[in-house]
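Undergrad: Structure incoming, see below.
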Amino acid sequence: MSSSTPTPAADVVDDGSLRFAENEPRGARLLALVLWDAGLALIYGAVLGFLASVAFGLIVSEAAPSVPVARFALQVLGGGVVVSVPIFLAGMLLRLVAGPVEAMLLARAEIRRRDARPGLLSPRRERTRLGKSKAFDGLIGFIWLMFGLFALMILVTVIVFLIDPDDDPEVVGVVLLVMIGGAVVTFLGARPFRGEGLRAWRALRARLEPGWTREHLDAVEAAERMARERTVARAATLAGGPQRATRLDSARHRRLGAVLARVNRVGAITFAVAGMLFLAGVYLRQPCRTCSQRAWNAPIESFIDVVVTAAGAIAVVAAAVEAVALVAWLVRRILRRVDLTRVARDATARVRPGELAADLGAFSTSLLLGMGLVAAAAIVAIPSVSALIELDRVGAGAEHVGVARLLLGIALGGAAAGVVGITAGHIAGVRHRNALRRRWSPGDPLPPRPPRRRGGSGGGRSGGGGAGGGRGRRPRNPYAV
């Protein structure tokens, strides 16, 4: 065969009976994964929307506090601070509910696959997910937190009514009834997760643990090492001699990654410092929202103007640099995926397991983009909902309401597109990582460690460990990352 025509990889791949492979998400588990990631995106979106509302509110109050349009904008931004709270709580609830459900469905999927194909074993990322002793701790803590809030509201309502008995007793009664009902529901809701739910989780783990013994893990890693050696031998036969390992992390690739990391770090620090300087300038003029503005002499006023203007401009530039770095990082990930796909098609290509460690533990780019769309949709929805509420309060015209509804519709469409991206990312990501495992049989390498600082104890290559992944020391816990 001509050396210019790569040999198909299927001619040399050794799909042994023992190997590591992830469970492809389907049905209810895929839905739980999507809700879990969407919840995290909503949390990020709510936090960023809250901070943006506060920041733009300060900018508007500093620039033109007496202009009617500015006063309306301040009302909208103030309402956005309030709207961000339920979005944050919804994200927390999705995260806390979907996480344990997904873990239980993953455990059941692993048990079913073990019965059907006993040669396949979950890799470290899934064993770490299933190795947690208590899957419902976060959800139980959230339920008890809500119970405490309901109990506190009941106490406050009773105290207020005793201090001022002239309040409407019907309103007080309705409030007490709602609070007592919420307390009872949360108290009873925590019991199943502490009892039957925890026992069911422990029963699933008891069925999984016999297949995760050190002896079985070592046997699977040895089988993958032998499969890799057979694949390399076949590739050498087809190529007419031994081939050098393909370097996926070229010097240019590593330099680009280092530059992006430095730019991201400098941009984040610059944005934080500029934001604090801006807040300091605003505080010097108005210490609180209800406080009257302070008047300083001309030199100090000029200094405050320069600080606030420069800090705002620097913060905008730093945010733009962060956005450019994020786009470059995503492009770099996409190019890495394309490069891996190209190399995987060549049967004579060899890749060290340590160079695949980061790819075997990374999430797909479409999943990250989908989460970004959901977070951006939450950020856009916060002022849109607040504007609709404020426009309805002041009785604004249909054209203004239409603009707010259009923005809200765009946010909902972006969220739907983000959910599709998250769904596709989970499916494509698992298939891509399993394809890498079938192609090169890398074993179960440790994820790459961050580079050690000078003066740190011990050296060692990042990404070592595992079968064929170098001589890095393996953790004792088979569930550990």
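In the structure tokens, chains take letters A, B, ... by order of appearance, with residues numbered from 1 within each chain and ligands from 1 in the order shown.
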Applying 8 Å and only C-alpha atoms, which residues near stretch 21-26 of chain A remain after dropping the ones on its own chain fewer than 6 positions away? List them as a list in words.

TA: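 After dropping sequence-adjacent residues, the list is Leu106, Ala109, Glu110, Leu120, Leu121, Ser122, Pro123, Glu126, His426, Ile427, Val430, Arg431, Arg433, Asn434 and Arg437 of chain A.
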
Undergrad: I'd like a table as a Markdown table: residues in stretch 19-62 of chain A with an atom no more than 9 Å from stretch 397-421 of chain A, each row giving the shortest atom pair and its distance in Å to one decimal, only C-alpha atoms counted, sorted by chain and rising residue number.

TA:
| residue | atom | partner | partner_atom | distance |
| --- | --- | --- | --- | --- |
| A:Val34 | CA | A:Val419 | CA | 6.9 |
| A:Leu35 | CA | A:Val419 | CA | 8.5 |
| A:Ala38 | CA | A:Val419 | CA | 7.1 |

Undergrad: Given the selection you just returned, output its residues as a file containing N, CA and C atoms, formatted as a PDB file, in the first residue's frame.

TA:
ATOM      1  N   VAL A  34     -29.529  16.507  31.063  1.00  0.00           N
ATOM      2  CA  VAL A  34     -29.817  17.803  30.455  1.00  0.00           C
ATOM      3  C   VAL A  34     -30.327  18.781  31.512  1.00  0.00           C
ATOM      4  N   LEU A  35     -31.252  18.332  32.364  1.00  0.00           N
ATOM      5  CA  LEU A  35     -31.772  19.203  33.422  1.00  0.00           C
ATOM      6  C   LEU A  35     -30.676  19.579  34.412  1.00  0.00           C
ATOM      7  N   ALA A  38     -28.549  22.154  32.625  1.00  0.00           N
ATOM      8  CA  ALA A  38     -29.333  23.373  32.455  1.00  0.00           C
ATOM      9  C   ALA A  38     -29.501  24.110  33.783  1.00  0.00           C
TER      10      ALA A  38
END

Undergrad: Return as a Markdown table the residues of stretch 219-286 of chain A lying at most 9 Å from stretch 321-342 of chain A, together with the closest atom-to-atom pair for each and the distance in Å to one decimal, counting only C-alpha atoms, with rows in chain order and ascending residue number.

TA:
| residue | atom | partner | partner_atom | distance |
| --- | --- | --- | --- | --- |
| A:Leu248 | CA | A:Leu340 | CA | 7.7 |
| A:His253 | CA | A:Arg332 | CA | 8.4 |
| A:Leu256 | CA | A:Arg332 | CA | 8.5 |
| A:Gly257 | CA | A:Trp329 | CA | 7.9 |
| A:Leu260 | CA | A:Ala325 | CA | 6.1 |
| A:Ala261 | CA | A:Ala325 | CA | 8.5 |
| A:Val263 | CA | A:Ala325 | CA | 6.9 |
| A:Asn264 | CA | A:Glu322 | CA | 5.9 |
| A:Arg265 | CA | A:Glu322 | CA | 8.9 |
| A:Gly267 | CA | A:Glu322 | CA | 5.8 |
| A:Ala268 | CA | A:Glu322 | CA | 7.2 |

Undergrad: Determine which residues of stretch 273-328 of chain A DSSP labels as alpha helix (DSSP H) from the backbone of this structure, then write them out as a ChimeraX atom specification.

TA: /A:273-285,298-328

Undergrad: Just to confirm, what's the straight-line distance from atom CA of A:Gly211 to atom CA of A:Met226 in Å (one decimal)?

TA: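 About the pair atom CA of A:Gly211 and atom CA of A:Met226: they are 20.5 Å apart.
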
Undergrad: Could you check the closest approach to A:Leu279 for each of A:Ser302, A:Ser386, A:Gln293, A:Thr309 and tell me which residue wins, using only C-alpha atoms?

TA: A:Thr309

Undergrad: Counting only C-alpha atoms, give me one row per residue of stretch 342-404 of chain A with an atom at most 12 Å from an atom of stretch 89-92 of chain A, showing the shortest contact pair and its distance in Å to one decimal, sorted by chain then residue number, as a tab-separated table.

TA:
residue	atom	partner	partner_atom	distance
A:Val374	CA	A:Gly91	CA	10.9
A:Ala375	CA	A:Gly91	CA	10.4
A:Ala378	CA	A:Gly91	CA	10.4

Undergrad: Go ahead and write the residues just picked, N, CA and C atoms, as a JSON list (two decimals), in the first residue's frame.

TA:
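Written out: out_4.json:
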[["chain", "number", "residue", "atom", "x", "y", "z"],
["A", 374, "VAL", "N", -28.04, 28.74, 27.40],
["A", 374, "VAL", "CA", -29.03, 28.79, 28.48],
["A", 374, "VAL", "C", -28.70, 29.91, 29.46],
["A", 375, "ALA", "N", -27.41, 30.04, 29.81],
["A", 375, "ALA", "CA", -27.02, 31.11, 30.72],
["A", 375, "ALA", "C", -27.29, 32.48, 30.10],
["A", 378, "ALA", "N", -30.93, 33.27, 30.24],
["A", 378, "ALA", "CA", -31.35, 33.72, 31.57],
["A", 378, "ALA", "C", -30.97, 35.19, 31.79]]

Undergrad: Calculated over only C-alpha atoms, which of the candidates A:Ala315, A:Val97, A:Ala107, A:Ala73 has the smallest distance to A:Leu391?

TA: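 Among the listed residues, the smallest separation from A:Leu391 belongs to A:Ala73.
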
Undergrad: Would you list the contacts of stretch 80-85 of chain A as a PyMOL selection string, taking every protein, DNA or RNA residue within 9 Å and counting only C-alpha atoms, but skipping same-chain residues closer than 3 positions in sequence?

TA: chain A and resi 45-47+49-54+75-77+88-90+378-379+381-387

Undergrad: Save out the residues we just selected, all heavy atoms, as a compact mmCIF listing (two decimals), in the first residue's frame.

TA:
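Everything below was put into part18.txt:
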# COMPACT_ATOMS: atom_id res chain seq x y z
N GLY A 45 -26.33 32.06 34.92
CA GLY A 45 -27.06 33.16 34.30
C GLY A 45 -27.70 34.07 35.32
O GLY A 45 -27.68 35.31 35.16
N ALA A 46 -28.27 33.50 36.39
CA ALA A 46 -28.90 34.32 37.42
C ALA A 46 -27.87 35.17 38.15
O ALA A 46 -28.10 36.36 38.42
CB ALA A 46 -29.64 33.43 38.41
N VAL A 47 -26.72 34.58 38.47
CA VAL A 47 -25.67 35.35 39.16
C VAL A 47 -25.15 36.47 38.27
O VAL A 47 -25.01 37.63 38.71
CB VAL A 47 -24.53 34.40 39.60
CG1 VAL A 47 -23.36 35.20 40.14
CG2 VAL A 47 -25.03 33.43 40.66
N GLY A 49 -26.69 37.83 35.69
CA GLY A 49 -27.75 38.80 35.50
C GLY A 49 -27.93 39.70 36.71
O GLY A 49 -28.18 40.91 36.57
N PHE A 50 -27.81 39.13 37.89
CA PHE A 50 -27.88 39.93 39.12
C PHE A 50 -26.75 40.96 39.16
O PHE A 50 -26.99 42.16 39.42
CB PHE A 50 -27.79 38.99 40.33
CG PHE A 50 -27.73 39.70 41.65
CD1 PHE A 50 -28.88 40.07 42.31
CD2 PHE A 50 -26.51 39.98 42.25
CE1 PHE A 50 -28.83 40.73 43.53
CE2 PHE A 50 -26.43 40.63 43.47
CZ PHE A 50 -27.60 41.01 44.11
N LEU A 51 -25.53 40.51 38.89
CA LEU A 51 -24.39 41.44 38.91
C LEU A 51 -24.52 42.50 37.81
O LEU A 51 -24.19 43.68 38.03
CB LEU A 51 -23.09 40.65 38.73
CG LEU A 51 -22.73 39.68 39.86
CD1 LEU A 51 -21.47 38.91 39.52
CD2 LEU A 51 -22.56 40.41 41.19
N ALA A 52 -25.01 42.10 36.62
CA ALA A 52 -25.19 43.07 35.55
C ALA A 52 -26.25 44.11 35.91
O ALA A 52 -26.08 45.30 35.62
CB ALA A 52 -25.57 42.35 34.25
N SER A 53 -27.34 43.67 36.55
CA SER A 53 -28.37 44.62 36.96
C SER A 53 -27.82 45.62 37.96
O SER A 53 -28.09 46.83 37.86
CB SER A 53 -29.56 43.86 37.56
OG SER A 53 -30.15 43.00 36.61
N VAL A 54 -27.05 45.14 38.92
CA VAL A 54 -26.47 46.04 39.91
C VAL A 54 -25.47 47.00 39.24
O VAL A 54 -25.49 48.21 39.50
CB VAL A 54 -25.78 45.23 41.03
CG1 VAL A 54 -25.01 46.15 41.97
CG2 VAL A 54 -26.81 44.43 41.81
N GLN A 75 -35.73 51.42 37.59
CA GLN A 75 -36.81 50.56 38.07
C GLN A 75 -36.71 49.17 37.45
O GLN A 75 -36.90 48.15 38.13
CB GLN A 75 -38.16 51.19 37.74
CG GLN A 75 -38.46 52.48 38.48
CD GLN A 75 -38.62 52.26 39.97
OE1 GLN A 75 -39.05 51.20 40.42
NE2 GLN A 75 -38.29 53.28 40.76
N VAL A 76 -36.39 49.12 36.15
CA VAL A 76 -36.26 47.82 35.47
C VAL A 76 -35.09 47.04 36.05
O VAL A 76 -35.19 45.83 36.31
CB VAL A 76 -36.11 48.03 33.95
CG1 VAL A 76 -35.76 46.71 33.27
CG2 VAL A 76 -37.39 48.60 33.36
N LEU A 77 -33.96 47.70 36.24
CA LEU A 77 -32.78 47.02 36.76
C LEU A 77 -33.01 46.57 38.20
O LEU A 77 -32.56 45.49 38.60
CB LEU A 77 -31.57 47.94 36.67
CG LEU A 77 -31.11 48.27 35.24
CD1 LEU A 77 -30.06 49.36 35.26
CD2 LEU A 77 -30.57 47.03 34.54
N PHE A 88 -32.37 31.73 40.01
CA PHE A 88 -31.29 31.06 40.75
C PHE A 88 -31.84 29.87 41.53
O PHE A 88 -31.25 28.77 41.52
CB PHE A 88 -30.63 32.06 41.70
CG PHE A 88 -29.52 31.48 42.53
CD1 PHE A 88 -28.24 31.37 42.03
CD2 PHE A 88 -29.78 31.02 43.81
CE1 PHE A 88 -27.22 30.83 42.80
CE2 PHE A 88 -28.77 30.48 44.59
CZ PHE A 88 -27.49 30.38 44.08
N LEU A 89 -32.97 30.05 42.21
CA LEU A 89 -33.55 28.95 42.99
C LEU A 89 -34.01 27.81 42.07
O LEU A 89 -33.87 26.63 42.43
CB LEU A 89 -34.73 29.47 43.82
CG LEU A 89 -34.37 30.44 44.95
CD1 LEU A 89 -35.64 30.93 45.65
CD2 LEU A 89 -33.43 29.77 45.95
N ALA A 90 -34.55 28.16 40.89
CA ALA A 90 -34.95 27.10 39.95
C ALA A 90 -33.73 26.30 39.49
O ALA A 90 -33.79 25.06 39.38
CB ALA A 90 -35.66 27.73 38.75
N ALA A 378 -30.93 33.27 30.24
CA ALA A 378 -31.35 33.72 31.57
C ALA A 378 -30.97 35.19 31.79
O ALA A 378 -31.75 35.96 32.37
CB ALA A 378 -30.71 32.84 32.64
N ILE A 379 -29.79 35.58 31.32
CA ILE A 379 -29.35 36.97 31.48
C ILE A 379 -30.29 37.91 30.72
O ILE A 379 -30.65 38.98 31.22
CB ILE A 379 -27.91 37.12 30.99
CG1 ILE A 379 -26.97 36.30 31.88
CG2 ILE A 379 -27.48 38.59 30.98
CD1 ILE A 379 -25.54 36.26 31.38
N ALA A 381 -33.44 37.22 29.84
CA ALA A 381 -34.79 37.12 30.36
C ALA A 381 -34.99 37.96 31.61
O ALA A 381 -36.11 38.44 31.87
CB ALA A 381 -35.13 35.65 30.66
N ILE A 382 -33.95 38.16 32.40
CA ILE A 382 -34.10 38.89 33.67
C ILE A 382 -34.59 40.32 33.43
O ILE A 382 -35.62 40.73 33.97
CB ILE A 382 -32.78 38.85 34.46
CG1 ILE A 382 -32.57 37.45 35.03
CG2 ILE A 382 -32.77 39.89 35.58
CD1 ILE A 382 -31.22 37.25 35.68
N PRO A 383 -33.90 41.16 32.60
CA PRO A 383 -34.43 42.51 32.37
C PRO A 383 -35.71 42.50 31.54
O PRO A 383 -36.53 43.42 31.67
CB PRO A 383 -33.29 43.22 31.64
CG PRO A 383 -32.51 42.14 30.99
CD PRO A 383 -32.60 40.97 31.91
N SER A 384 -35.91 41.49 30.69
CA SER A 384 -37.12 41.44 29.88
C SER A 384 -38.35 41.25 30.75
O SER A 384 -39.36 41.97 30.60
CB SER A 384 -37.03 40.31 28.85
OG SER A 384 -35.90 40.48 28.01
N VAL A 385 -38.30 40.31 31.68
CA VAL A 385 -39.44 40.08 32.58
C VAL A 385 -39.65 41.30 33.47
O VAL A 385 -40.79 41.75 33.70
CB VAL A 385 -39.19 38.82 33.43
CG1 VAL A 385 -40.26 38.67 34.50
CG2 VAL A 385 -39.15 37.58 32.54
N SER A 386 -38.57 41.86 33.98
CA SER A 386 -38.70 43.06 34.81
C SER A 386 -39.30 44.22 34.03
O SER A 386 -40.15 44.97 34.56
CB SER A 386 -37.33 43.44 35.36
OG SER A 386 -37.41 44.62 36.14
N ALA A 387 -38.90 44.39 32.76
CA ALA A 387 -39.46 45.46 31.94
C ALA A 387 -40.95 45.24 31.68
O ALA A 387 -41.74 46.20 31.70
CB ALA A 387 -38.70 45.56 30.63

Undergrad: Determine, counting only C-alpha atoms, which protein, DNA and RNA residues have an atom within 7 Å of an atom of stretch 134-150 of chain A; residues of the same chain fewer than 3 positions away are not included. Present the result as a PyMOL selection string.

TA: chain A and resi 96-97+100+153-154+179+182-183+186-187+190+193

Undergrad: Once you have the residues from the selection above, write them out as an mmCIF file, in the first residue's frame, restricted to all heavy atoms.

TA:
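The result, stored in result-v3.cif:
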data_model
loop_
_atom_site.group_PDB
_atom_site.id
_atom_site.type_symbol
_atom_site.label_atom_id
_atom_site.label_comp_id
_atom_site.auth_asym_id
_atom_site.auth_seq_id
_atom_site.Cartn_x
_atom_site.Cartn_y
_atom_site.Cartn_z
ATOM 1 N N LEU A 96 -30.134 19.979 42.196
ATOM 2 C CA LEU A 96 -30.185 19.086 43.350
ATOM 3 C C LEU A 96 -31.100 17.883 43.117
ATOM 4 O O LEU A 96 -30.868 16.817 43.694
ATOM 5 C CB LEU A 96 -30.649 19.863 44.584
ATOM 6 C CG LEU A 96 -29.674 20.940 45.079
ATOM 7 C CD1 LEU A 96 -30.314 21.764 46.178
ATOM 8 C CD2 LEU A 96 -28.384 20.309 45.577
ATOM 9 N N VAL A 97 -32.134 18.057 42.298
ATOM 10 C CA VAL A 97 -33.050 16.934 42.036
ATOM 11 C C VAL A 97 -32.517 16.044 40.916
ATOM 12 O O VAL A 97 -32.507 14.810 41.030
ATOM 13 C CB VAL A 97 -34.458 17.461 41.697
ATOM 14 C CG1 VAL A 97 -35.357 16.321 41.235
ATOM 15 C CG2 VAL A 97 -35.067 18.147 42.904
ATOM 16 N N PRO A 100 -29.063 13.458 41.810
ATOM 17 C CA PRO A 100 -29.272 12.112 42.373
ATOM 18 C C PRO A 100 -30.044 11.180 41.452
ATOM 19 O O PRO A 100 -29.750 9.982 41.386
ATOM 20 C CB PRO A 100 -30.048 12.393 43.669
ATOM 21 C CG PRO A 100 -29.726 13.801 44.017
ATOM 22 C CD PRO A 100 -29.550 14.510 42.708
ATOM 23 N N MET A 153 -40.418 32.147 58.886
ATOM 24 C CA MET A 153 -41.501 33.040 58.461
ATOM 25 C C MET A 153 -42.724 32.889 59.360
ATOM 26 O O MET A 153 -43.424 33.873 59.647
ATOM 27 C CB MET A 153 -41.867 32.747 57.005
ATOM 28 C CG MET A 153 -40.784 33.152 56.017
ATOM 29 S SD MET A 153 -40.423 34.918 56.072
ATOM 30 C CE MET A 153 -41.994 35.605 55.565
ATOM 31 N N ILE A 154 -43.006 31.659 59.792
ATOM 32 C CA ILE A 154 -44.118 31.458 60.731
ATOM 33 C C ILE A 154 -43.863 32.224 62.022
ATOM 34 O O ILE A 154 -44.746 32.934 62.547
ATOM 35 C CB ILE A 154 -44.312 29.957 61.011
ATOM 36 C CG1 ILE A 154 -44.813 29.246 59.750
ATOM 37 C CG2 ILE A 154 -45.298 29.739 62.159
ATOM 38 C CD1 ILE A 154 -44.825 27.736 59.878
ATOM 39 N N MET A 179 -47.462 29.176 55.090
ATOM 40 C CA MET A 179 -46.169 28.861 55.694
ATOM 41 C C MET A 179 -46.195 27.501 56.403
ATOM 42 O O MET A 179 -45.249 26.714 56.292
ATOM 43 C CB MET A 179 -45.765 29.953 56.685
ATOM 44 C CG MET A 179 -45.503 31.297 56.059
ATOM 45 S SD MET A 179 -44.132 31.247 54.889
ATOM 46 C CE MET A 179 -44.902 32.000 53.474
ATOM 47 N N GLY A 182 -46.178 24.794 53.755
ATOM 48 C CA GLY A 182 -44.843 24.619 53.200
ATOM 49 C C GLY A 182 -43.908 23.892 54.151
ATOM 50 O O GLY A 182 -43.119 23.032 53.733
ATOM 51 N N ALA A 183 -43.992 24.210 55.440
ATOM 52 C CA ALA A 183 -43.145 23.534 56.421
ATOM 53 C C ALA A 183 -43.475 22.050 56.505
ATOM 54 O O ALA A 183 -42.582 21.197 56.584
ATOM 55 C CB ALA A 183 -43.292 24.203 57.789
ATOM 56 N N THR A 186 -42.216 20.250 53.238
ATOM 57 C CA THR A 186 -40.763 20.058 53.219
ATOM 58 C C THR A 186 -40.315 19.041 54.257
ATOM 59 O O THR A 186 -39.405 18.244 54.012
ATOM 60 C CB THR A 186 -40.057 21.393 53.463
ATOM 61 O OG1 THR A 186 -40.592 22.009 54.648
ATOM 62 C CG2 THR A 186 -40.246 22.329 52.292
ATOM 63 N N PHE A 187 -40.952 19.050 55.428
ATOM 64 C CA PHE A 187 -40.569 18.083 56.461
ATOM 65 C C PHE A 187 -40.876 16.663 56.003
ATOM 66 O O PHE A 187 -40.050 15.749 56.166
ATOM 67 C CB PHE A 187 -41.312 18.392 57.765
ATOM 68 C CG PHE A 187 -41.020 17.423 58.878
ATOM 69 C CD1 PHE A 187 -39.840 17.518 59.596
ATOM 70 C CD2 PHE A 187 -41.915 16.404 59.190
ATOM 71 C CE1 PHE A 187 -39.563 16.615 60.621
ATOM 72 C CE2 PHE A 187 -41.643 15.509 60.201
ATOM 73 C CZ PHE A 187 -40.460 15.614 60.917
ATOM 74 N N ALA A 190 -38.523 15.390 53.042
ATOM 75 C CA ALA A 190 -37.148 14.969 53.319
ATOM 76 C C ALA A 190 -37.067 13.522 53.779
ATOM 77 O O ALA A 190 -36.015 12.889 53.649
ATOM 78 C CB ALA A 190 -36.534 15.882 54.388
ATOM 79 N N PHE A 193 -36.086 10.630 51.111
ATOM 80 C CA PHE A 193 -34.695 10.654 50.669
ATOM 81 C C PHE A 193 -33.744 10.202 51.771
ATOM 82 O O PHE A 193 -32.667 9.689 51.496
ATOM 83 C CB PHE A 193 -34.326 12.061 50.207
ATOM 84 C CG PHE A 193 -35.125 12.524 49.021
ATOM 85 C CD1 PHE A 193 -36.143 13.454 49.179
ATOM 86 C CD2 PHE A 193 -34.886 12.025 47.757
ATOM 87 C CE1 PHE A 193 -36.888 13.875 48.101
ATOM 88 C CE2 PHE A 193 -35.627 12.439 46.670
ATOM 89 C CZ PHE A 193 -36.634 13.373 46.840
#

Undergrad: If I take atom CA of A:Arg225 and atom CA of A:Ala206, how far is one from the other in Å, to one decimal?

TA: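 A separation of 28.6 Å between them.
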